[in-house]
Amino acid sequence: MEYLIGIQGPDFVLVAADNVAASSIIQMKHDYDKMFKLSEKILLLCVGEAGDTVQFAEYIQKNVQLYKMRNGYELSPAAAANFTRKNLADYLRSRTPYHVNLLLAGYDDTDGPGLYYMDYLSSLAKAPFAAHGYGAYLTLSILDRYYRPDLSRDEAVDLLKKCGEELNKRFILNLPSFTVRLIDKEGIHDLEKLTLGTK
Amino acid sequence: MSGSAADCQYWERLLAKECRLYRLRNNHRISVAAASKLLSNMMLGYRGMGLSMGSMICGWDKEGPGLYYVDDNGTRLSGRMFSTGCGNSYAYGVVDSGYKENMTVEEAYELGRRGIAHATHRDAYSGGVVNMYHMQEDGWIKVCKEDVSELIHKYRKGMF
């Protein structure tokens with residue numbers, strides 16, 4: 001039902017998430033933000049079981065902030081991703097596993113942009129593009145077909161729009177709008193919401 | 001409150017206790033966001049243990065009016081309109097279609113009444129009375145306590 005997507009460029013990462021907060025067959029909110037700001041240049045996109053998502057994401061968010069307070073500098077995106085994965089793995093075989101699927105996007109001043117895909121079984125993969133949710137079945141092939149490592153920001157947004165249009169056309173569930181953000185060396189930027197009207 | 005009556009009564013009474021303690025300790029009233037977060041964290045402490053509660057915390061703080069939906073999964077959502085319980089879909093239908101941007105207070109009362117009445121008409125597990133409260137800036141007032149069967153009788157001319 002929920003959808004996350006990330007596209008990495010040569011010096012940026014573009015991420016988007018749908019805005020629906022659903023309960024059974026009802027859309028309880030149409031403007032829900034599924035992105036959590038871990039630090040100035042790291043975003044965590046989180047979907048999954050109700051309650052678990054916010055709880056787990058806020059836990060990671062607070063711990064990343066704590067690291068900065070204790071040590072005086074921020075965790076890198078790679079370190080944050082591995083920290084997140086370790087937490088997910090530790091809880092996996094406990095009485096209360098967290099059923100969450102994540103995308104972690106960040107910009108490291110030394111290594112550049114990075115996009116990390118994680119799922120509820122605590123697998124972790126660094127990827128040039130990634131998606132979560134049923135929508136991924138429709139859009140990953142579009143990303144395979146049109147992605148290039150040297151995409152410009154506008155081309156990446158166009159690719160994102162292509163994915164959104166496909167969901168609007170073929171996905172059985174209505175996902176009317178998506179929050180879009182871009183991370184680069186300047187930090188996190190809010191881009192215009194992607195809204196798709198009638199087909 | 002919807003779901004298990006026992007859970008609703010217990011946890012909301014516990015929340016009232018915590019809010020009162022907050023006021024005594026900090027010398028100002030707790031915000032709606034904080035109160036709802038206290039409740040949702042109580043729910044999360046018991047995740048997987050079969051609690052059943054769907055509730056809405058509504059109030060007024062320095063940010064203005066606030067409404068939060070909190071349930072037994074630990075879901076906590078801020079919004080302008082929510083409905084909970086097994087008849088919630090019916091209530092959403094009536095309230096969404098009758099909603100106008102600049103409603104008067106009386107129109108809002110009637111819309112709320114309609115939402116509950118129509119939901120209790122269609123949903124087998126809902127019924128009884130409409131207890132309506134209006135949360136104003138300086139506190140809540142009880143607006144009405146109306147029997148739904150009488151309301152449905154009143155509305156029957158306009159219904160199918």
# chains A, B, ... in the order shown; residues from 1 in each chain; ligands from 1
>>> residues_around(residues="segment 88-99 of chain B", least_positions_apart="3", cutoff="6 Å", atoms="only C-alpha atoms", output="PyMOL selection string")
chain B and resi 83-85+115+119
>>> interface_residues(of="chain A", to="chain B", cutoff="9 Å", atoms="only C-alpha atoms", output="ChimeraX atom specification")
/A:21,25-26,28-29,32,49-55,95-96
>>> select_by_dssp(residues="segment 52-139 of chain A", states="alpha helix (DSSP H)", output="MDAnalysis selection string")
chainID A and resid 52:71 77:92 135:139
>>> closest_residue(among="A:Ser123, A:Glu2, A:Thr195, A:Ile7", to="Tyr146 of chain A", atoms="only C-alpha atoms")
A:Ile7
>>> residues_around(residues="segment 28-38 of chain B", least_positions_apart="2", cutoff="8 Å", atoms="only C-alpha atoms", output="list of chain:residue names")
B:Leu15, B:Cys19, B:Tyr22, B:Arg23, B:Leu24, B:Asn26, B:Ser40, B:Asn41, B:Met42, B:Ile57, B:Cys58, B:Gly59, B:Trp60, B:Asp61, B:Lys62, B:Gly66, B:Leu67, B:Tyr68, B:Tyr69, B:Val70, B:Arg76
>>> write_last_selection(atoms="N, CA, C and O atoms", output="PDB file, in the first residue's frame")
ATOM      1  N   LEU B  15      -3.828   8.215  31.711  1.00  0.00           N
ATOM      2  CA  LEU B  15      -3.353   9.396  30.988  1.00  0.00           C
ATOM      3  C   LEU B  15      -3.759  10.660  31.737  1.00  0.00           C
ATOM      4  O   LEU B  15      -2.963  11.593  31.881  1.00  0.00           O
ATOM      5  N   CYS B  19      -1.274  13.571  33.036  1.00  0.00           N
ATOM      6  CA  CYS B  19      -1.426  14.971  32.613  1.00  0.00           C
ATOM      7  C   CYS B  19      -1.531  15.876  33.827  1.00  0.00           C
ATOM      8  O   CYS B  19      -0.970  16.981  33.861  1.00  0.00           O
ATOM      9  N   TYR B  22       1.856  16.272  35.284  1.00  0.00           N
ATOM     10  CA  TYR B  22       2.638  17.187  34.449  1.00  0.00           C
ATOM     11  C   TYR B  22       2.341  18.630  34.831  1.00  0.00           C
ATOM     12  O   TYR B  22       3.254  19.451  35.011  1.00  0.00           O
ATOM     13  N   ARG B  23       1.043  18.924  34.984  1.00  0.00           N
ATOM     14  CA  ARG B  23       0.635  20.293  35.317  1.00  0.00           C
ATOM     15  C   ARG B  23       1.204  20.701  36.681  1.00  0.00           C
ATOM     16  O   ARG B  23       1.695  21.818  36.860  1.00  0.00           O
ATOM     17  N   LEU B  24       1.170  19.773  37.634  1.00  0.00           N
ATOM     18  CA  LEU B  24       1.669  20.087  38.977  1.00  0.00           C
ATOM     19  C   LEU B  24       3.178  20.262  38.977  1.00  0.00           C
ATOM     20  O   LEU B  24       3.718  21.144  39.638  1.00  0.00           O
ATOM     21  N   ASN B  26       5.230  20.990  36.280  1.00  0.00           N
ATOM     22  CA  ASN B  26       5.789  21.980  35.362  1.00  0.00           C
ATOM     23  C   ASN B  26       5.081  23.322  35.366  1.00  0.00           C
ATOM     24  O   ASN B  26       5.487  24.238  34.653  1.00  0.00           O
ATOM     25  N   SER B  40       0.301   7.163  23.393  1.00  0.00           N
ATOM     26  CA  SER B  40       0.765   6.229  22.362  1.00  0.00           C
ATOM     27  C   SER B  40       1.966   5.427  22.858  1.00  0.00           C
ATOM     28  O   SER B  40       2.099   4.237  22.552  1.00  0.00           O
ATOM     29  N   ASN B  41       2.799   6.041  23.698  1.00  0.00           N
ATOM     30  CA  ASN B  41       3.919   5.282  24.260  1.00  0.00           C
ATOM     31  C   ASN B  41       3.447   4.222  25.257  1.00  0.00           C
ATOM     32  O   ASN B  41       4.056   3.153  25.372  1.00  0.00           O
ATOM     33  N   MET B  42       2.342   4.521  25.960  1.00  0.00           N
ATOM     34  CA  MET B  42       1.768   3.484  26.843  1.00  0.00           C
ATOM     35  C   MET B  42       1.332   2.294  25.996  1.00  0.00           C
ATOM     36  O   MET B  42       1.567   1.136  26.350  1.00  0.00           O
ATOM     37  N   ILE B  57      -7.486  12.297  21.061  1.00  0.00           N
ATOM     38  CA  ILE B  57      -7.159  13.250  22.115  1.00  0.00           C
ATOM     39  C   ILE B  57      -7.369  14.623  21.509  1.00  0.00           C
ATOM     40  O   ILE B  57      -6.737  14.962  20.499  1.00  0.00           O
ATOM     41  N   CYS B  58      -8.285  15.402  22.088  1.00  0.00           N
ATOM     42  CA  CYS B  58      -8.518  16.706  21.514  1.00  0.00           C
ATOM     43  C   CYS B  58      -8.401  17.756  22.594  1.00  0.00           C
ATOM     44  O   CYS B  58      -8.778  17.526  23.742  1.00  0.00           O
ATOM     45  N   GLY B  59      -7.814  18.898  22.256  1.00  0.00           N
ATOM     46  CA  GLY B  59      -7.604  19.900  23.279  1.00  0.00           C
ATOM     47  C   GLY B  59      -7.135  21.201  22.693  1.00  0.00           C
ATOM     48  O   GLY B  59      -7.071  21.381  21.473  1.00  0.00           O
ATOM     49  N   TRP B  60      -6.788  22.100  23.590  1.00  0.00           N
ATOM     50  CA  TRP B  60      -6.353  23.424  23.177  1.00  0.00           C
ATOM     51  C   TRP B  60      -5.073  23.749  23.933  1.00  0.00           C
ATOM     52  O   TRP B  60      -5.012  23.589  25.146  1.00  0.00           O
ATOM     53  N   ASP B  61      -4.019  24.132  23.211  1.00  0.00           N
ATOM     54  CA  ASP B  61      -2.791  24.542  23.884  1.00  0.00           C
ATOM     55  C   ASP B  61      -2.255  25.781  23.193  1.00  0.00           C
ATOM     56  O   ASP B  61      -2.968  26.395  22.387  1.00  0.00           O
ATOM     57  N   LYS B  62      -0.982  26.138  23.470  1.00  0.00           N
ATOM     58  CA  LYS B  62      -0.502  27.410  22.907  1.00  0.00           C
ATOM     59  C   LYS B  62      -0.361  27.393  21.398  1.00  0.00           C
ATOM     60  O   LYS B  62      -0.245  28.437  20.768  1.00  0.00           O
ATOM     61  N   GLY B  66      -6.030  21.315  18.934  1.00  0.00           N
ATOM     62  CA  GLY B  66      -5.267  20.151  18.478  1.00  0.00           C
ATOM     63  C   GLY B  66      -6.109  18.904  18.545  1.00  0.00           C
ATOM     64  O   GLY B  66      -6.916  18.736  19.459  1.00  0.00           O
ATOM     65  N   LEU B  67      -5.918  18.023  17.570  1.00  0.00           N
ATOM     66  CA  LEU B  67      -6.630  16.749  17.542  1.00  0.00           C
ATOM     67  C   LEU B  67      -5.655  15.665  17.133  1.00  0.00           C
ATOM     68  O   LEU B  67      -4.974  15.783  16.122  1.00  0.00           O
ATOM     69  N   TYR B  68      -5.570  14.609  17.947  1.00  0.00           N
ATOM     70  CA  TYR B  68      -4.714  13.479  17.628  1.00  0.00           C
ATOM     71  C   TYR B  68      -5.517  12.195  17.706  1.00  0.00           C
ATOM     72  O   TYR B  68      -6.337  12.011  18.600  1.00  0.00           O
ATOM     73  N   TYR B  69      -5.243  11.278  16.763  1.00  0.00           N
ATOM     74  CA  TYR B  69      -5.810   9.941  16.793  1.00  0.00           C
ATOM     75  C   TYR B  69      -4.723   9.015  17.342  1.00  0.00           C
ATOM     76  O   TYR B  69      -3.590   9.049  16.867  1.00  0.00           O
ATOM     77  N   VAL B  70      -5.050   8.213  18.363  1.00  0.00           N
ATOM     78  CA  VAL B  70      -4.079   7.270  18.939  1.00  0.00           C
ATOM     79  C   VAL B  70      -4.747   5.913  19.026  1.00  0.00           C
ATOM     80  O   VAL B  70      -5.897   5.823  19.460  1.00  0.00           O
ATOM     81  N   ARG B  76      -0.087   7.254  15.886  1.00  0.00           N
ATOM     82  CA  ARG B  76      -0.448   8.574  16.439  1.00  0.00           C
ATOM     83  C   ARG B  76      -0.453   9.538  15.267  1.00  0.00           C
ATOM     84  O   ARG B  76       0.578   9.730  14.618  1.00  0.00           O
TER      85      ARG B  76
END
>>> closest_residue(among="B:Cys86, B:Tyr46, B:Glu106, B:Val143", to="Ala124 of chain B", atoms="only C-alpha atoms")
B:Cys86
>>> atom_distance(atom1="atom CA of Leu103 of chain A", atom2="atom CA of Val47 of chain A")
9.1 Å
>>> residues_around(residues="Lys162 of chain A", least_positions_apart="5", cutoff="12 Å", atoms="only C-alpha atoms", output="number ranges by chain")
A: 138-143, 145-147, 155-157, 167-169, 194, 196
>>> write_last_selection(atoms="N, CA, C and O atoms", output="short mmCIF file (atom, residue, chain, number, x, y, z; two decimals), in the first residue's frame")
data_model
loop_
_atom_site.label_atom_id
_atom_site.label_comp_id
_atom_site.auth_asym_id
_atom_site.auth_seq_id
_atom_site.Cartn_x
_atom_site.Cartn_y
_atom_site.Cartn_z
N LEU A 138 6.08 -2.26 -10.07
CA LEU A 138 5.78 -1.56 -11.32
C LEU A 138 6.91 -0.62 -11.72
O LEU A 138 7.08 -0.33 -12.90
N THR A 139 7.68 -0.13 -10.76
CA THR A 139 8.60 0.97 -11.08
C THR A 139 10.08 0.58 -11.16
O THR A 139 10.87 1.31 -11.76
N LEU A 140 10.47 -0.54 -10.57
CA LEU A 140 11.89 -0.90 -10.62
C LEU A 140 12.36 -1.11 -12.05
O LEU A 140 13.50 -0.74 -12.40
N SER A 141 11.50 -1.65 -12.89
CA SER A 141 11.91 -1.88 -14.28
C SER A 141 12.07 -0.55 -15.01
O SER A 141 12.94 -0.41 -15.88
N ILE A 142 11.26 0.43 -14.65
CA ILE A 142 11.41 1.77 -15.26
C ILE A 142 12.76 2.34 -14.86
O ILE A 142 13.48 2.94 -15.69
N LEU A 143 13.13 2.15 -13.60
CA LEU A 143 14.42 2.63 -13.15
C LEU A 143 15.55 1.88 -13.84
O LEU A 143 16.55 2.47 -14.26
N ARG A 145 15.46 0.67 -16.78
CA ARG A 145 15.51 1.06 -18.20
C ARG A 145 16.13 2.44 -18.39
O ARG A 145 16.92 2.64 -19.31
N TYR A 146 15.75 3.39 -17.51
CA TYR A 146 16.10 4.77 -17.80
C TYR A 146 17.17 5.36 -16.90
O TYR A 146 17.63 6.47 -17.14
N TYR A 147 17.58 4.65 -15.84
CA TYR A 147 18.57 5.22 -14.92
C TYR A 147 19.94 5.29 -15.57
O TYR A 147 20.35 4.38 -16.30
N GLU A 155 16.71 15.60 -14.62
CA GLU A 155 16.45 14.28 -15.22
C GLU A 155 15.99 13.28 -14.16
O GLU A 155 15.12 12.45 -14.41
N ALA A 156 16.56 13.39 -12.95
CA ALA A 156 16.15 12.48 -11.87
C ALA A 156 14.71 12.75 -11.48
O ALA A 156 13.92 11.82 -11.26
N VAL A 157 14.34 14.03 -11.41
CA VAL A 157 12.94 14.36 -11.08
C VAL A 157 12.01 13.86 -12.17
O VAL A 157 10.93 13.34 -11.90
N LEU A 167 2.47 4.46 -11.59
CA LEU A 167 1.66 4.05 -10.44
C LEU A 167 0.23 4.56 -10.60
O LEU A 167 -0.74 3.85 -10.33
N ASN A 168 0.12 5.80 -11.06
CA ASN A 168 -1.19 6.39 -11.24
C ASN A 168 -2.00 5.63 -12.30
O ASN A 168 -3.21 5.48 -12.19
N LYS A 169 -1.27 5.13 -13.29
CA LYS A 169 -1.94 4.44 -14.40
C LYS A 169 -2.34 3.01 -14.03
O LYS A 169 -3.45 2.57 -14.27
N LEU A 194 4.79 15.90 -5.54
CA LEU A 194 4.38 15.31 -6.82
C LEU A 194 2.93 14.91 -6.69
O LEU A 194 2.59 14.00 -5.94
N LEU A 196 -0.54 13.64 -8.73
CA LEU A 196 -0.99 13.07 -10.00
C LEU A 196 -2.49 13.08 -10.01
O LEU A 196 -3.12 12.55 -9.10
#
>>> select_by_dssp(residues="segment 33-143 of chain B", states="strand (DSSP E)", output="PyMOL selection string")
chain B and resi 53-61+64-71+76-78+129-136+139-143
>>> residues_around(residues="Val130 of chain B", least_positions_apart="6", cutoff="9 Å", atoms="only C-alpha atoms", output="list in words")
Gly112, Arg113, Ile116, Ala117, Cys144, Lys145, Glu146, Asp147 and Val148 of chain B
>>> write_last_selection(atoms="C-alpha atoms", output="tab-separated table (two decimals), in the first residue's frame")
chain	number	residue	atom	x	y	z
B	112	GLY	CA	-21.25	15.40	13.96
B	113	ARG	CA	-24.71	14.28	15.01
B	116	ILE	CA	-22.83	9.20	14.45
B	117	ALA	CA	-26.52	8.63	13.69
B	144	CYS	CA	-26.01	17.27	23.81
B	145	LYS	CA	-26.90	13.69	24.70
B	146	GLU	CA	-29.36	12.42	22.08
B	147	ASP	CA	-30.76	8.96	21.50
B	148	VAL	CA	-29.80	7.76	17.99
